[in-house]
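Printed here is query-v5.csv (CSV, C-alpha atoms):
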```csv
chain,number,residue,atom,x,y,z
N,1,PRO,CA,2.7,-201.0,-48.0
N,2,LEU,CA,1.7,-198.1,-50.3
N,3,LEU,CA,-2.0,-199.1,-50.1
N,4,LEU,CA,-1.7,-199.3,-46.3
N,5,PHE,CA,-0.2,-195.8,-46.2
N,6,LEU,CA,-3.1,-194.5,-48.4
N,7,ASP,CA,-5.7,-195.9,-46.0
N,8,ARG,CA,-4.1,-194.3,-43.0
N,9,HIS,CA,-2.9,-191.0,-44.4
N,10,PRO,CA,-5.2,-188.2,-43.2
N,11,GLY,CA,-4.2,-185.7,-45.8
N,12,LEU,CA,-5.6,-187.5,-48.8
N,13,SER,CA,-9.2,-187.1,-49.9
N,14,LEU,CA,-11.3,-190.1,-51.0
N,15,ALA,CA,-11.1,-189.0,-54.6
N,16,ARG,CA,-7.3,-188.6,-54.5
N,17,ARG,CA,-7.0,-192.0,-52.8
N,18,TYR,CA,-9.0,-193.5,-55.6
N,19,ASP,CA,-6.8,-191.9,-58.3
N,20,VAL,CA,-3.6,-193.2,-56.6
N,21,ARG,CA,-5.1,-196.6,-56.0
N,22,ARG,CA,-6.0,-196.8,-59.7
N,23,GLY,CA,-2.4,-196.1,-60.7
N,24,LEU,CA,-1.0,-198.6,-58.2
N,25,TYR,CA,-3.4,-201.3,-59.4
N,26,HIS,CA,-2.6,-200.8,-63.0
N,27,GLY,CA,1.1,-200.5,-62.3
N,28,ALA,CA,1.3,-203.6,-60.3
N,29,TYR,CA,-1.1,-205.9,-62.1
N,30,GLY,CA,-1.5,-204.3,-65.6
N,31,ARG,CA,-4.6,-204.2,-67.6
N,32,ALA,CA,-5.9,-207.5,-66.1
N,33,SER,CA,-6.7,-205.5,-62.9
N,34,SER,CA,-9.0,-203.0,-64.6
N,35,CYS,CA,-12.1,-204.9,-63.6
N,36,ARG,CA,-11.1,-204.6,-60.0
N,37,VAL,CA,-10.5,-200.9,-60.3
N,38,ASP,CA,-13.8,-200.4,-62.1
N,39,CYS,CA,-15.6,-202.2,-59.3
N,40,PHE,CA,-14.1,-199.9,-56.8
N,41,LYS,CA,-15.3,-196.9,-58.8
N,42,GLU,CA,-18.7,-198.6,-59.2
N,43,GLY,CA,-19.1,-198.9,-55.5
N,44,ARG,CA,-18.7,-195.2,-55.0
N,45,LEU,CA,-21.1,-194.5,-57.8
N,46,MET,CA,-23.7,-196.9,-56.3
N,47,LEU,CA,-23.6,-195.1,-52.9
N,48,SER,CA,-24.1,-191.7,-54.5
N,49,GLN,CA,-27.0,-192.7,-56.7
N,50,LEU,CA,-29.1,-193.8,-53.7
N,51,ASN,CA,-29.0,-190.2,-52.4
N,52,ILE,CA,-31.9,-189.0,-54.5
N,53,PHE,CA,-34.2,-191.6,-52.8
N,54,ARG,CA,-33.5,-189.9,-49.5
N,55,PHE,CA,-34.9,-186.7,-50.8
N,56,ILE,CA,-38.0,-188.4,-52.3
N,57,ALA,CA,-38.5,-190.1,-48.9
N,58,PHE,CA,-38.3,-186.7,-47.2
N,59,VAL,CA,-41.0,-185.4,-49.5
N,60,PHE,CA,-43.3,-188.2,-48.5
N,61,VAL,CA,-42.7,-187.4,-44.8
N,62,PHE,CA,-43.4,-183.7,-45.5
N,63,GLY,CA,-46.7,-184.7,-47.2
N,64,LEU,CA,-47.8,-186.7,-44.2
N,65,HIS,CA,-47.1,-183.7,-41.8
N,66,ALA,CA,-49.0,-181.3,-44.0
N,67,PRO,CA,-52.2,-183.2,-44.6
N,68,THR,CA,-54.4,-180.1,-45.0
N,69,TRP,CA,-52.5,-179.2,-48.2
N,70,SER,CA,-51.7,-182.6,-49.6
N,71,SER,CA,-54.2,-185.2,-48.4
N,72,HIS,CA,-55.9,-185.4,-51.8
N,73,VAL,CA,-52.7,-186.5,-53.6
N,74,LEU,CA,-52.0,-189.9,-52.2
N,75,ASN,CA,-52.0,-192.0,-49.0
N,76,TRP,CA,-49.2,-190.1,-47.3
N,77,SER,CA,-49.3,-192.3,-44.2
N,78,ASN,CA,-48.3,-195.4,-46.2
N,79,ALA,CA,-45.7,-193.4,-48.2
N,80,ALA,CA,-44.2,-191.9,-45.1
N,81,ALA,CA,-44.0,-195.3,-43.3
N,82,LEU,CA,-42.3,-196.7,-46.3
N,83,SER,CA,-39.9,-193.8,-46.4
N,84,VAL,CA,-39.0,-193.9,-42.7
N,85,ASN,CA,-38.3,-197.6,-43.1
N,86,PHE,CA,-36.1,-196.7,-46.1
N,87,PHE,CA,-34.0,-194.3,-44.0
N,88,PHE,CA,-33.2,-196.9,-41.3
N,89,LEU,CA,-32.5,-199.6,-43.9
N,90,LEU,CA,-30.2,-197.3,-45.9
N,91,SER,CA,-28.3,-196.2,-42.8
N,92,GLY,CA,-27.5,-199.8,-41.9
N,93,PHE,CA,-26.8,-200.6,-45.6
N,94,LEU,CA,-24.2,-197.8,-46.0
N,95,SER,CA,-22.5,-198.8,-42.7
N,96,GLY,CA,-22.2,-202.4,-43.8
N,97,TYR,CA,-21.1,-201.6,-47.3
N,98,LYS,CA,-18.4,-199.2,-46.2
N,99,TYR,CA,-17.2,-201.6,-43.6
N,100,GLU,CA,-16.8,-204.4,-46.2
N,101,GLN,CA,-15.2,-202.0,-48.7
N,102,LYS,CA,-12.6,-200.9,-46.2
N,103,GLY,CA,-11.9,-204.5,-45.2
N,104,ALA,CA,-10.2,-203.5,-41.9
N,105,PRO,CA,-10.9,-205.5,-38.7
N,106,VAL,CA,-13.2,-203.8,-36.2
N,107,ARG,CA,-12.1,-203.0,-32.6
N,108,LEU,CA,-14.3,-202.4,-29.7
N,109,SER,CA,-12.7,-199.2,-28.7
N,110,PHE,CA,-14.2,-196.6,-26.4
N,111,ARG,CA,-12.1,-194.0,-28.1
N,112,ASP,CA,-13.3,-194.9,-31.6
N,113,GLU,CA,-16.9,-195.0,-30.5
N,114,LEU,CA,-16.6,-191.5,-28.9
N,115,GLY,CA,-14.8,-190.2,-32.0
N,116,TYR,CA,-17.5,-191.4,-34.3
N,117,LEU,CA,-20.4,-190.1,-32.1
N,118,TRP,CA,-18.6,-186.7,-31.9
N,119,GLN,CA,-18.4,-186.4,-35.7
N,120,LYS,CA,-22.2,-187.1,-35.8
N,121,LEU,CA,-22.9,-184.5,-33.1
N,122,VAL,CA,-20.8,-181.8,-34.8
N,123,LYS,CA,-22.7,-182.5,-38.0
N,124,LEU,CA,-26.3,-182.7,-36.6
N,125,TYR,CA,-26.5,-180.8,-33.4
N,126,PRO,CA,-26.0,-177.2,-34.5
N,127,ILE,CA,-29.1,-177.2,-36.8
N,128,PHE,CA,-30.9,-179.4,-34.3
N,129,LEU,CA,-30.4,-176.9,-31.5
N,130,ALA,CA,-31.4,-174.0,-33.8
N,131,THR,CA,-34.7,-175.7,-34.6
N,132,ASN,CA,-35.3,-176.3,-30.9
N,133,ILE,CA,-34.8,-172.6,-30.2
N,134,VAL,CA,-37.2,-171.6,-33.0
N,135,TRP,CA,-39.8,-174.0,-31.6
N,136,LEU,CA,-39.6,-172.1,-28.3
N,137,PHE,CA,-41.3,-169.2,-30.0
N,138,ILE,CA,-43.9,-171.0,-32.2
N,139,TRP,CA,-45.0,-173.9,-29.9
N,140,ARG,CA,-48.4,-173.8,-28.3
N,141,TRP,CA,-49.2,-176.4,-25.7
N,142,GLN,CA,-52.5,-176.7,-23.7
N,143,GLY,CA,-53.6,-173.3,-24.8
N,144,GLY,CA,-50.5,-171.2,-24.1
N,145,ASP,CA,-47.0,-170.5,-25.2
N,146,ILE,CA,-43.8,-171.4,-23.4
N,147,ILE,CA,-43.5,-168.1,-21.5
N,148,SER,CA,-47.0,-168.3,-20.2
N,149,VAL,CA,-46.5,-171.9,-19.1
N,150,LEU,CA,-43.2,-171.1,-17.2
N,151,SER,CA,-44.6,-168.0,-15.6
N,152,GLY,CA,-47.8,-169.7,-14.5
N,153,VAL,CA,-48.6,-171.4,-11.2
N,154,ASP,CA,-49.2,-174.9,-12.6
N,155,HIS,CA,-45.9,-176.6,-11.5
N,156,SER,CA,-46.9,-180.0,-12.9
N,157,LEU,CA,-47.3,-178.4,-16.4
N,158,GLN,CA,-44.0,-176.7,-16.0
N,159,LEU,CA,-42.2,-180.0,-15.1
N,160,SER,CA,-43.9,-181.7,-18.1
N,161,TRP,CA,-42.7,-179.0,-20.4
N,162,LEU,CA,-39.1,-179.2,-19.1
N,163,LYS,CA,-39.2,-183.0,-19.4
N,164,ILE,CA,-40.2,-182.7,-23.1
N,165,PHE,CA,-37.7,-180.0,-23.9
N,166,PHE,CA,-34.6,-181.6,-22.3
N,167,ALA,CA,-35.5,-185.1,-23.5
N,168,ASN,CA,-35.7,-183.6,-27.0
N,169,SER,CA,-32.4,-181.7,-26.6
N,170,LEU,CA,-30.5,-184.8,-25.3
N,171,PHE,CA,-31.8,-187.2,-28.1
N,172,LEU,CA,-34.0,-189.0,-25.7
N,173,LYS,CA,-37.4,-188.2,-27.1
N,174,SER,CA,-38.1,-191.5,-28.7
N,175,TRP,CA,-37.6,-193.2,-25.3
N,176,LEU,CA,-40.6,-191.3,-23.7
N,177,GLN,CA,-44.2,-192.4,-23.5
N,178,ASP,CA,-46.4,-191.8,-26.5
N,179,LYS,CA,-48.1,-188.8,-25.1
N,180,TRP,CA,-44.8,-186.9,-25.0
N,181,ILE,CA,-43.1,-188.2,-28.2
N,182,PHE,CA,-45.1,-185.9,-30.6
N,183,GLN,CA,-44.9,-182.8,-28.5
N,184,PHE,CA,-42.4,-179.9,-29.2
N,185,ASN,CA,-40.6,-180.4,-32.5
N,186,ALA,CA,-42.4,-183.7,-33.0
N,187,GLY,CA,-40.4,-185.0,-35.9
N,188,MET,CA,-37.2,-185.1,-33.9
N,189,TRP,CA,-38.0,-188.5,-32.6
N,190,PHE,CA,-36.3,-189.7,-35.7
N,191,ILE,CA,-33.1,-188.0,-34.7
N,192,SER,CA,-33.3,-189.6,-31.3
N,193,THR,CA,-33.7,-193.0,-32.8
N,194,ILE,CA,-31.1,-192.7,-35.4
N,195,PHE,CA,-28.6,-191.5,-32.8
N,196,PHE,CA,-29.3,-194.7,-30.8
N,197,LEU,CA,-28.4,-196.6,-34.0
N,198,TYR,CA,-25.2,-194.6,-34.3
N,199,VAL,CA,-24.3,-195.7,-30.7
N,200,MET,CA,-25.0,-199.3,-31.6
N,201,ARG,CA,-23.1,-199.2,-34.9
N,202,LEU,CA,-19.7,-200.2,-33.6
N,203,PRO,CA,-20.9,-203.1,-31.4
N,204,VAL,CA,-23.0,-204.5,-34.3
N,205,LEU,CA,-20.1,-204.1,-36.7
N,206,TRP,CA,-17.8,-205.9,-34.2
N,207,VAL,CA,-20.2,-208.9,-34.1
N,208,ILE,CA,-20.5,-208.9,-37.9
N,209,ASP,CA,-16.7,-208.8,-38.1
N,210,ARG,CA,-16.4,-211.8,-35.8
N,211,LEU,CA,-18.9,-213.7,-37.8
N,212,LYS,CA,-17.1,-212.9,-41.1
N,213,ARG,CA,-13.8,-214.4,-39.9
N,214,LYS,CA,-15.3,-217.7,-39.0
N,215,ASN,CA,-15.8,-220.6,-41.4
N,216,HIS,CA,-18.7,-219.8,-43.8
N,217,GLY,CA,-18.7,-216.3,-42.4
N,218,TYR,CA,-20.8,-214.7,-45.0
N,219,LEU,CA,-23.4,-217.4,-44.6
N,220,LEU,CA,-23.5,-216.5,-40.9
N,221,ILE,CA,-23.9,-212.9,-41.8
N,222,SER,CA,-26.8,-213.8,-44.1
N,223,ALA,CA,-28.4,-215.8,-41.2
N,224,SER,CA,-28.0,-212.8,-38.9
N,225,GLY,CA,-30.0,-210.7,-41.4
N,226,PHE,CA,-32.8,-213.1,-41.5
N,227,LEU,CA,-32.8,-213.4,-37.7
N,228,SER,CA,-33.1,-209.7,-37.4
N,229,LEU,CA,-36.3,-209.9,-39.6
N,230,ALA,CA,-37.6,-212.7,-37.4
N,231,GLY,CA,-36.9,-210.6,-34.4
N,232,LEU,CA,-38.8,-207.7,-35.9
N,233,LEU,CA,-41.8,-209.9,-36.6
N,234,LEU,CA,-41.7,-211.3,-33.1
N,235,TYR,CA,-41.4,-207.8,-31.5
N,236,SER,CA,-44.3,-206.4,-33.5
N,237,TYR,CA,-46.5,-209.4,-32.7
N,238,LEU,CA,-45.8,-209.2,-28.9
N,239,ILE,CA,-46.4,-205.4,-28.8
N,240,ILE,CA,-49.7,-205.8,-30.7
N,241,GLN,CA,-50.8,-208.7,-28.5
N,242,GLN,CA,-50.2,-206.6,-25.4
N,243,GLY,CA,-52.2,-203.7,-26.8
N,244,GLY,CA,-49.1,-201.6,-27.5
N,245,THR,CA,-49.3,-198.1,-28.9
N,246,PRO,CA,-48.0,-197.1,-32.4
N,247,GLY,CA,-45.1,-195.4,-30.8
N,248,ARG,CA,-43.8,-198.7,-29.5
N,249,LEU,CA,-44.0,-200.1,-33.0
N,250,TYR,CA,-42.2,-197.4,-35.0
N,251,VAL,CA,-40.6,-194.8,-32.7
N,252,PHE,CA,-39.1,-196.9,-29.9
N,253,PRO,CA,-35.4,-197.3,-30.8
N,254,PRO,CA,-35.0,-201.0,-30.3
N,255,ALA,CA,-37.9,-201.5,-32.7
N,256,ARG,CA,-35.8,-199.9,-35.4
N,257,LEU,CA,-32.5,-201.7,-34.4
N,258,PHE,CA,-33.8,-204.8,-36.2
N,259,GLU,CA,-34.1,-202.9,-39.5
N,260,TYR,CA,-30.7,-201.4,-39.0
N,261,VAL,CA,-29.0,-204.7,-38.4
N,262,PHE,CA,-30.8,-206.2,-41.5
N,263,GLY,CA,-29.6,-203.3,-43.6
N,264,LEU,CA,-26.1,-203.7,-42.3
N,265,ALA,CA,-26.0,-207.4,-43.2
N,266,ILE,CA,-27.2,-206.8,-46.7
N,267,GLY,CA,-24.7,-204.0,-47.1
N,268,VAL,CA,-21.9,-206.3,-46.3
N,269,LEU,CA,-23.2,-209.0,-48.7
N,270,ALA,CA,-23.9,-206.5,-51.5
N,271,CYS,CA,-20.3,-205.1,-51.4
N,272,ARG,CA,-18.9,-208.6,-51.3
N,273,THR,CA,-21.0,-209.7,-54.3
N,274,GLN,CA,-20.7,-206.5,-56.3
N,275,SER,CA,-16.9,-206.8,-56.3
N,276,ARG,CA,-17.2,-210.2,-58.0
N,277,VAL,CA,-20.0,-209.7,-60.6
N,278,ALA,CA,-20.3,-205.9,-61.3
N,279,CYS,CA,-18.0,-206.2,-64.3
N,280,GLN,CA,-19.7,-209.1,-65.9
N,281,CYS,CA,-21.5,-208.5,-69.2
N,282,PHE,CA,-25.0,-209.1,-67.9
N,283,SER,CA,-24.8,-206.0,-65.7
N,284,LYS,CA,-25.4,-203.9,-68.8
N,285,TYR,CA,-28.9,-205.3,-69.0
N,286,TRP,CA,-29.7,-204.8,-65.4
N,287,ILE,CA,-31.8,-201.8,-66.2
N,288,VAL,CA,-34.8,-204.2,-66.3
N,289,VAL,CA,-34.2,-205.0,-62.7
N,290,ASP,CA,-33.8,-201.3,-61.8
N,291,VAL,CA,-37.1,-200.4,-63.5
N,292,LEU,CA,-38.9,-203.3,-61.8
N,293,ALA,CA,-37.6,-202.2,-58.4
N,294,LEU,CA,-38.9,-198.6,-59.0
N,295,VAL,CA,-42.3,-199.9,-60.1
N,296,ILE,CA,-42.6,-202.1,-57.0
N,297,TRP,CA,-41.5,-199.3,-54.8
N,298,GLY,CA,-44.0,-196.9,-56.4
N,299,GLY,CA,-46.8,-199.5,-56.2
N,300,CYS,CA,-46.2,-199.8,-52.4
N,301,ILE,CA,-46.4,-196.0,-52.1
N,302,PHE,CA,-49.8,-195.8,-53.8
N,303,SER,CA,-51.2,-198.9,-52.1
N,304,ASN,CA,-53.5,-198.9,-49.1
N,305,ALA,CA,-51.8,-198.4,-45.7
N,306,GLN,CA,-51.2,-201.6,-43.6
N,307,GLY,CA,-50.5,-202.2,-40.0
N,308,TRP,CA,-47.0,-202.0,-38.6
N,309,ASP,CA,-47.1,-205.8,-38.0
N,310,ASN,CA,-47.0,-206.1,-41.9
N,311,ARG,CA,-43.9,-203.9,-42.3
N,312,VAL,CA,-41.6,-206.7,-43.4
N,313,LEU,CA,-43.7,-207.6,-46.4
N,314,ARG,CA,-45.2,-204.2,-47.2
N,315,TRP,CA,-42.1,-201.9,-46.6
N,316,ILE,CA,-38.9,-203.8,-45.9
N,317,ILE,CA,-38.9,-206.1,-48.9
N,318,PRO,CA,-39.6,-203.3,-51.5
N,319,ASN,CA,-37.0,-201.0,-49.9
N,320,THR,CA,-34.4,-203.8,-49.9
N,321,PHE,CA,-35.2,-204.6,-53.5
N,322,LEU,CA,-34.7,-201.0,-54.4
N,323,ILE,CA,-31.4,-200.6,-52.5
N,324,LEU,CA,-30.0,-203.9,-53.9
N,325,SER,CA,-31.1,-203.3,-57.5
N,326,PHE,CA,-28.2,-200.9,-58.2
N,327,PRO,CA,-24.9,-202.4,-57.1
N,328,TRP,CA,-24.5,-204.6,-60.3
N,329,SER,CA,-26.1,-202.2,-62.7
N,330,SER,CA,-24.4,-200.2,-65.5
N,331,SER,CA,-27.6,-198.8,-66.9
N,332,VAL,CA,-28.3,-195.3,-68.0
N,333,LEU,CA,-30.7,-194.9,-65.1
N,334,LYS,CA,-27.9,-195.5,-62.7
N,335,ARG,CA,-25.9,-192.7,-64.3
N,336,VAL,CA,-28.9,-190.3,-64.3
N,337,LEU,CA,-29.5,-190.9,-60.6
N,338,SER,CA,-25.8,-190.2,-59.9
N,339,CYS,CA,-25.8,-186.7,-61.6
N,340,PRO,CA,-24.7,-183.8,-59.4
N,341,ILE,CA,-28.3,-182.4,-59.0
N,342,CYS,CA,-29.6,-185.7,-57.7
N,343,VAL,CA,-26.7,-186.1,-55.3
N,344,MET,CA,-27.2,-182.5,-54.1
N,345,LEU,CA,-30.9,-183.1,-53.4
N,346,GLY,CA,-30.1,-186.2,-51.4
N,347,GLU,CA,-27.6,-184.3,-49.3
N,348,LEU,CA,-30.3,-181.7,-48.6
N,349,ALA,CA,-32.7,-184.3,-47.2
N,350,MET,CA,-31.5,-184.2,-43.6
N,351,PRO,CA,-31.4,-180.4,-43.3
N,352,CYS,CA,-34.9,-180.2,-45.0
N,353,TYR,CA,-36.2,-182.7,-42.4
N,354,PHE,CA,-34.9,-180.5,-39.6
N,355,LEU,CA,-36.7,-177.5,-41.0
N,356,HIS,CA,-39.8,-178.9,-42.4
N,357,SER,CA,-42.0,-178.8,-39.3
N,358,ILE,CA,-41.1,-175.2,-38.7
N,359,ILE,CA,-42.1,-174.3,-42.2
N,360,ILE,CA,-45.4,-176.1,-41.8
N,361,VAL,CA,-46.2,-174.4,-38.6
N,362,VAL,CA,-45.3,-170.9,-39.8
N,363,MET,CA,-47.2,-171.3,-43.1
N,364,GLY,CA,-50.2,-172.7,-41.2
N,365,LYS,CA,-50.3,-169.7,-39.0
N,366,CYS,CA,-49.8,-167.3,-42.0
N,367,ILE,CA,-52.7,-168.7,-44.1
N,368,ALA,CA,-54.8,-169.7,-41.1
N,369,VAL,CA,-55.3,-173.3,-42.1
N,370,SER,CA,-56.0,-174.5,-38.6
N,371,ASP,CA,-55.7,-173.6,-35.0
N,372,ASP,CA,-53.7,-176.8,-34.5
N,373,PRO,CA,-50.0,-175.6,-34.6
N,374,TYR,CA,-49.0,-178.8,-36.3
N,375,ALA,CA,-51.8,-179.1,-38.8
```
Entire entry expressed as structure tokens:
Amino acid sequence: PLLLFLDRHPGLSLARRYDVRRGLYHGAYGRASSCRVDCFKEGRLMLSQLNIFRFIAFVFVFGLHAPTWSSHVLNWSNAAALSVNFFFLLSGFLSGYKYEQKGAPVRLSFRDELGYLWQKLVKLYPIFLATNIVWLFIWRWQGGDIISVLSGVDHSLQLSWLKIFFANSLFLKSWLQDKWIFQFNAGMWFISTIFFLYVMRLPVLWVIDRLKRKNHGYLLISASGFLSLAGLLLYSYLIIQQGGTPGRLYVFPPARLFEYVFGLAIGVLACRTQSRVACQCFSKYWIVVDVLALVIWGGCIFSNAQGWDNRVLRWIIPNTFLILSFPWSSSVLKRVLSCPICVMLGELAMPCYFLHSIIIVVMGKCIAVSDDPYA
């Protein structure tokens, strides 16, 4: 009853809940329960240490969008593709991990869905709207600024601009045709797609929860992860065979849903497995696996770019290996990546992503790199 109270009491922070849980576990079960408590603590540590990779992934995206300054360093196109894939996989992984850690059944509740989406809107929309307002003053389209377009006589051009602006403001940009996706605050297609995944989070978790409660539930969850990869391969193949554009392969929200579902499935399985083996002695020597995951990830960054039909082999598998290399580790590397500076940089990744295109445009104008406003 006390643990149930802790889970539902709104006045307790996560850290305070952990402290009280630790006392309850030790009080009820004695020293034999210390492994279970350490695993709970390790789960929190594992989630925090992945933050720094979010910031590294943002740096790669920034490098892609500023090719005039950074094209000589590495193949930013490949690094950015790997990074965007990492964002979507990590988003699903964290959702699945936290669901399994909480252990509560999932309800398909319209109220819960709206509450979750409202929290995301409150977090994202203020800075998103601010960047849109700034873009009104720095965007140039078809030879003119926004004021000249709206005050002109070309009504088709005005309607096109309004379509782009409102689709961007309503998180619908990634649903548009390719010629509109990369207009006006171009990088915000990512926010449009990730918000679609937020909408799908509760239905997907509900399905995962139903699978888990069946016989061999975790085996079914594993199968759902592999089916999502198969669906991604099939989707990519069909789009390419039909002469589909790149936007349909990496911007269109359903194309990213497969990655999110796969990440959610491995998050559930990682949490389930980590609670069983994280305290075993061999976890102390897991630093070899951590280093190997970083080497493979770095090798994919510096390799030649591949087509989007190869994303499972070239990007998803290295990202999955990187994410899964840490739950069972007790290495020094894990502790370093969980230091306050690394965690802080990871938390800054999303605000930096919102602002980076504005910085690129303003600096490009100041140093006269190019007439292209997004060069």
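Taking only C-alpha atoms into account, N:Ser83 lies nearest to N:Ile301 out of the set N:Leu50, N:Met350, N:Ile266, N:Ile301.
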What's the separation between atom CA of N:Cys271 and atom CA of N:Leu117, in Å to one decimal place? 24.4 Å
Taking 3 positions as the minimum chain separation for residues in the same chain, which residues sit within 12 Å of stretch 354-369 of chain N when counting all atoms listed in the file? Answer as a PyMOL selection string. chain N and resi 58-70+124-140+182-191+348-351+372-375
Output the selection as a compact mmCIF listing (two decimals), in the coordinates of the input - C-alpha atoms for each residue.
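The resulting file, again_4.txt, is reproduced below:
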```
# COMPACT_ATOMS: atom_id res chain seq x y z
CA PHE N 58 -38.30 -186.70 -47.20
CA VAL N 59 -41.00 -185.40 -49.50
CA PHE N 60 -43.30 -188.20 -48.50
CA VAL N 61 -42.70 -187.40 -44.80
CA PHE N 62 -43.40 -183.70 -45.50
CA GLY N 63 -46.70 -184.70 -47.20
CA LEU N 64 -47.80 -186.70 -44.20
CA HIS N 65 -47.10 -183.70 -41.80
CA ALA N 66 -49.00 -181.30 -44.00
CA PRO N 67 -52.20 -183.20 -44.60
CA THR N 68 -54.40 -180.10 -45.00
CA TRP N 69 -52.50 -179.20 -48.20
CA SER N 70 -51.70 -182.60 -49.60
CA LEU N 124 -26.30 -182.70 -36.60
CA TYR N 125 -26.50 -180.80 -33.40
CA PRO N 126 -26.00 -177.20 -34.50
CA ILE N 127 -29.10 -177.20 -36.80
CA PHE N 128 -30.90 -179.40 -34.30
CA LEU N 129 -30.40 -176.90 -31.50
CA ALA N 130 -31.40 -174.00 -33.80
CA THR N 131 -34.70 -175.70 -34.60
CA ASN N 132 -35.30 -176.30 -30.90
CA ILE N 133 -34.80 -172.60 -30.20
CA VAL N 134 -37.20 -171.60 -33.00
CA TRP N 135 -39.80 -174.00 -31.60
CA LEU N 136 -39.60 -172.10 -28.30
CA PHE N 137 -41.30 -169.20 -30.00
CA ILE N 138 -43.90 -171.00 -32.20
CA TRP N 139 -45.00 -173.90 -29.90
CA ARG N 140 -48.40 -173.80 -28.30
CA PHE N 182 -45.10 -185.90 -30.60
CA GLN N 183 -44.90 -182.80 -28.50
CA PHE N 184 -42.40 -179.90 -29.20
CA ASN N 185 -40.60 -180.40 -32.50
CA ALA N 186 -42.40 -183.70 -33.00
CA GLY N 187 -40.40 -185.00 -35.90
CA MET N 188 -37.20 -185.10 -33.90
CA TRP N 189 -38.00 -188.50 -32.60
CA PHE N 190 -36.30 -189.70 -35.70
CA ILE N 191 -33.10 -188.00 -34.70
CA LEU N 348 -30.30 -181.70 -48.60
CA ALA N 349 -32.70 -184.30 -47.20
CA MET N 350 -31.50 -184.20 -43.60
CA PRO N 351 -31.40 -180.40 -43.30
CA ASP N 372 -53.70 -176.80 -34.50
CA PRO N 373 -50.00 -175.60 -34.60
CA TYR N 374 -49.00 -178.80 -36.30
CA ALA N 375 -51.80 -179.10 -38.80
```
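The two atoms in question, atom CA of N:Leu269 and atom CA of N:Leu333, are spaced 22.9 Å apart.
Atom CA of N:Phe226 lies 16.3 Å from atom CA of N:Leu205.
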Quick one: residues within 9 Å of N:Ser192, all atoms listed in the file counted, chain neighbours fewer than 4 positions away excluded, as a ChimeraX atom specification? /N:168,170-175,188,196-197,253
Print the selection's residues with C-alpha atoms to a file, as a JSON list (two decimals), in the frame of the given file.
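out-v4.json, freshly written:
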```
[["chain", "number", "residue", "atom", "x", "y", "z"],
["N", 168, "ASN", "CA", -35.70, -183.60, -27.00],
["N", 170, "LEU", "CA", -30.50, -184.80, -25.30],
["N", 171, "PHE", "CA", -31.80, -187.20, -28.10],
["N", 172, "LEU", "CA", -34.00, -189.00, -25.70],
["N", 173, "LYS", "CA", -37.40, -188.20, -27.10],
["N", 174, "SER", "CA", -38.10, -191.50, -28.70],
["N", 175, "TRP", "CA", -37.60, -193.20, -25.30],
["N", 188, "MET", "CA", -37.20, -185.10, -33.90],
["N", 196, "PHE", "CA", -29.30, -194.70, -30.80],
["N", 197, "LEU", "CA", -28.40, -196.60, -34.00],
["N", 253, "PRO", "CA", -35.40, -197.30, -30.80]]
```
Taking only C-alpha atoms into account, name the residue in N:Lys163, N:Leu324, N:Ile56, N:Ile240 that is nearest to N:Thr273. N:Leu324
Just want the 10 Å neighbourhood of N:Gly103, counted on all atoms listed in the file, with same-chain residues fewer than 5 positions away dropped. Output as a PDB file with C-alpha atoms, in the coordinates of the input.
```pdb
ATOM      1  CA  TYR N  97     -21.100-201.600 -47.300  1.00  0.00           C
ATOM      2  CA  LYS N  98     -18.400-199.200 -46.200  1.00  0.00           C
ATOM      3  CA  ASP N 209     -16.700-208.800 -38.100  1.00  0.00           C
TER       4      ASP N 209
END
```
Using only C-alpha atoms, determine which residues lie at most 9 Å from N:Leu220, disregarding the query and same-chain residues fewer than 6 positions distant; provide the list as a PyMOL selection string. chain N and resi 208+211-212+214
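Of the listed residues N:Ile52, N:Val332, N:Leu89, N:Ala255, the one whose atoms come nearest to N:Pro318 is N:Leu89, with distances taken using all atoms listed in the file.
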Return the single residue from N:Val268, N:Phe258, N:Ala80, N:Val204 that is closest to N:Lys102, with distances computed using all atoms listed in the file. N:Val268
Could you work out an axis-aligned bounding box for all listed atoms of stretch 210-219 of chain N, with 3 Å added on each of the six sides, and give its centre and edge lengths in Å to one decimal, as lines of an AutoDock Vina configuration file?
```
center_x = -18.6
center_y = -216.2
center_z = -40.4
size_x = 15.6
size_y = 14.8
size_z = 15.2
```
For a quick check of understanding, using all atoms listed in the file, which of N:Thr193, N:Ser338, N:Ser236, N:Ser77 has the smallest distance to N:Ser303? N:Ser77
When distances are computed from all atoms listed in the file, which of N:Gly217, N:Leu264, N:Lys334, N:Leu94 shows the smallest separation from N:Val288? N:Lys334
Close residues, N:Ser91 itself excluded, 9 Å, all atoms listed in the file, min 5 positions apart in chain, as a VMD selection string: chain N and resid 86 96 194 197 260 263 to 264
